[in-house]
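Below: one structure, written as structure tokens.
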Amino acid sequence: MFETVYQYDLKILVSRVVNVQKVLGIMKYYINGRFLSQKVTGVQRYAREMILALDEILQVQQKSIEMEILAPGNAVNDLGCKKIFFRTVGNMTGHLWEQIELPYYARNGYLINFCNCAPLMKRNQTVTIHDAVVKAIPNTVSWKFRFWYRIMHYVLGKRLEKILTVSNFSKRELNKYFHIPLDRIFITYNGREHLERIKEDNGIIKRLDLDGKRFVLAVSTKNPSKNFGLILSAAKQMPNTLFIIAGGENKTVFKASHREALPNVKYAGYVSDEELVALYRHAYVFAYPSFYEGFGIPPLEALQQGCPVILSDGGSLPEIYGKGALYCNPYDMQNLVCCIEQLVTNEDERTKMIALGRQQISQYSWKKSAKVLYDLIC
């Protein structure tokens with residue numbers, strides 16, 4: 001009896017709060033903060049930086065807007081926002097929290113989801129779907145991940161008025177595989193400013209014994225779509241060239257990848273942002289021959305730190321990096337070897353590619369993308 005009365009009183013209170021917001025003209029926005037319980041890879045980076053850029057916009061805009069991050073209990077809030085508040089809600093975690101508890105706590109406002117996932121039962125929301133990998137190259141992800149994300153992206157594509165993605169390539173892919181109309185898909189590119197705040201940690205250079213050595217760097221989660229096998233094949237053909245491979249593995253999502261032991265290959269494992277900056281700054285060449293990318297943040301970070309990049313000629317990479325990179329066929333090991341040798345043996349070519357790369361990435365900004373989102377929904 002007590003619980004019934006309590007629930008009734010709670011509904012009345014929520015209704016009154018909503019009515020007050022309407023009278024005052026206050027717009028309420030919520031952000032899906034589940035990503036704050038996860039390790040930082042590409043999609044989590046996008047979420048963090050978009051929120052920080054939105055926070056800056058809210059500090060100067062004139063509209064009556066309230067924005068709050070709703071997160072599960074295992075989330076860690078280290079963003080330091082001034083205008084976007086943070087609150088942990090519910091008792092669940094993971095997908096259950098996202099599908100059951102999050103839509104309940106966000107029911108009186110507009111929900112923003114940055115990391116491919118969103119509650120299926122809520123209409124008043126938007127979601128960023130970064131790519132269509134679960135349909136385009138399904139054999140690179142686990143069957144559970146593939147099954148759930150296919151359902152989720154199809155349903156969200158049908159229900160939501162606005163879908164975000166990170167490149168024209170991904171926009172076309174979402175239209176192709178999930179039949180989302182092109183006029184309902186909006187592009188918010190990744191940005192590059194985040195590494196400017198990070199001080200390099202050279203401890204990793206000493207730990208890996210890289211002082212004074214030229215090396216080829218590869219950074220990413222080691223899943224099959226990233227094509228690390230091609231890098232290892234190139235390393236076999238270049239025994240006098242040192243290769244450093246950095247990044248962790250998520251075997252829940254991605255199918256198991258191999259770590260072949262080669263004398264000129266060192267595995268750094270998961271690295272911190274501070275260590276990553278040090279690796280970018282000391283690397284002679286950055287190789288990223290990925291089969292499939294919605295955007296590809298690591299090459300952007302490498303160019304920001306003055307390291308020339310070699311990329312696959314497929315997916316979104318030519319769209320994003322234009323003339324600022326060398327391109328290889330991701331199925332042709334000898335082509336990758338030739339590109340590496342071109343930069344390692346020709347200092348003038350390397351200097352030219354660094355300059356072209358920095359010029360190309362100057363157009364990408366978290367602030368620009370956050371403004372696109374703000375204008376779209378606020």
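Chain identifiers are assigned as A, B, and so on, following the order in which chains appear in the structure tokens; residues are numbered from 1 within each chain, and ligands are numbered from 1 in order of appearance.
Near segment 200-211 of chain A, within 10 Å and counting only C-alpha atoms, sit Leu242, Ile244, Lys266, Tyr267, Ala268, Val271, Ser272, Asp273, Glu274, Glu275, Leu276, Val277, Ala278, Leu279, Tyr280, Arg281, His282 and Ala283 of chain A; same-chain residues fewer than 6 positions away were not included.
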Segment 216-218 of chain A environment, 7 Å, only C-alpha atoms, sequence neighbours closer than 4 positions dropped, as a VMD selection string: chain A and resid 242 to 246 283 to 288
Polymer residues at most 10 Å from Gly315 of chain A, only C-alpha atoms, same-chain spacing of 5 or more positions, as JSON, numbers by chain: {"A": [131, 167, 169, 170, 173, 290, 291, 292, 293, 294, 295, 296, 320]}
Segment 73-84 of chain A environment, 12 Å, only C-alpha atoms, sequence neighbours closer than 3 positions dropped, as an MDAnalysis selection string: chainID A and resid 28:40 45 47:61 64:70 87:94 97:98 101:102
If you take only C-alpha atoms and a cut-off of 9 Å, which residues of segment 182-247 of chain A touch segment 302-307 of chain A, and what are their nearest atom pairs and distances in Å to one decimal, in chain and number order, as CSV?
```
residue,atom,partner,partner_atom,distance
A:Arg192,CA,A:Gln304,CA,7.0
A:Glu193,CA,A:Gln304,CA,8.6
A:Leu195,CA,A:Gln304,CA,8.0
A:Glu196,CA,A:Gln304,CA,8.7
```
Selection near His95 of chain A, 12 Å with only C-alpha atoms, sequence-local residues under 4 positions removed, as a PyMOL selection string: chain A and resi 32+34-35+37+71-72+99-103+116-120+145+148-149+152
Which of segment 166-356 of chain A DSSP labels alpha helix (DSSP H), written as a PyMOL selection string: chain A and resi 168-178+203-207+228-237+273-282+297-304+317-321+333-345+347-356
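Residues in contact with Asn124 of chain A at up to 8 Å, not including ones fewer than 3 positions away on its chain and judged by only C-alpha atoms, are Gly109, Tyr110, Leu111 and Leu160 of chain A.
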Export of prior selection with N, CA, C and O atoms as an mmCIF file, in the first residue's frame:
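Result file is again_8.cif:
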```cif
data_model
loop_
_atom_site.group_PDB
_atom_site.id
_atom_site.type_symbol
_atom_site.label_atom_id
_atom_site.label_comp_id
_atom_site.auth_asym_id
_atom_site.auth_seq_id
_atom_site.Cartn_x
_atom_site.Cartn_y
_atom_site.Cartn_z
ATOM 1 N N GLY A 109 12.476 14.634 -21.036
ATOM 2 C CA GLY A 109 13.362 15.485 -21.822
ATOM 3 C C GLY A 109 13.870 14.788 -23.076
ATOM 4 O O GLY A 109 13.468 13.670 -23.414
ATOM 5 N N TYR A 110 14.750 15.466 -23.764
ATOM 6 C CA TYR A 110 15.345 14.964 -25.009
ATOM 7 C C TYR A 110 16.658 14.273 -24.664
ATOM 8 O O TYR A 110 17.501 14.813 -23.940
ATOM 9 N N LEU A 111 16.854 13.066 -25.196
ATOM 10 C CA LEU A 111 18.026 12.266 -24.856
ATOM 11 C C LEU A 111 19.034 12.266 -26.002
ATOM 12 O O LEU A 111 18.671 12.040 -27.163
ATOM 13 N N LEU A 160 13.595 7.221 -35.077
ATOM 14 C CA LEU A 160 14.116 8.544 -34.748
ATOM 15 C C LEU A 160 14.111 9.477 -35.954
ATOM 16 O O LEU A 160 14.374 9.065 -37.082
#
```
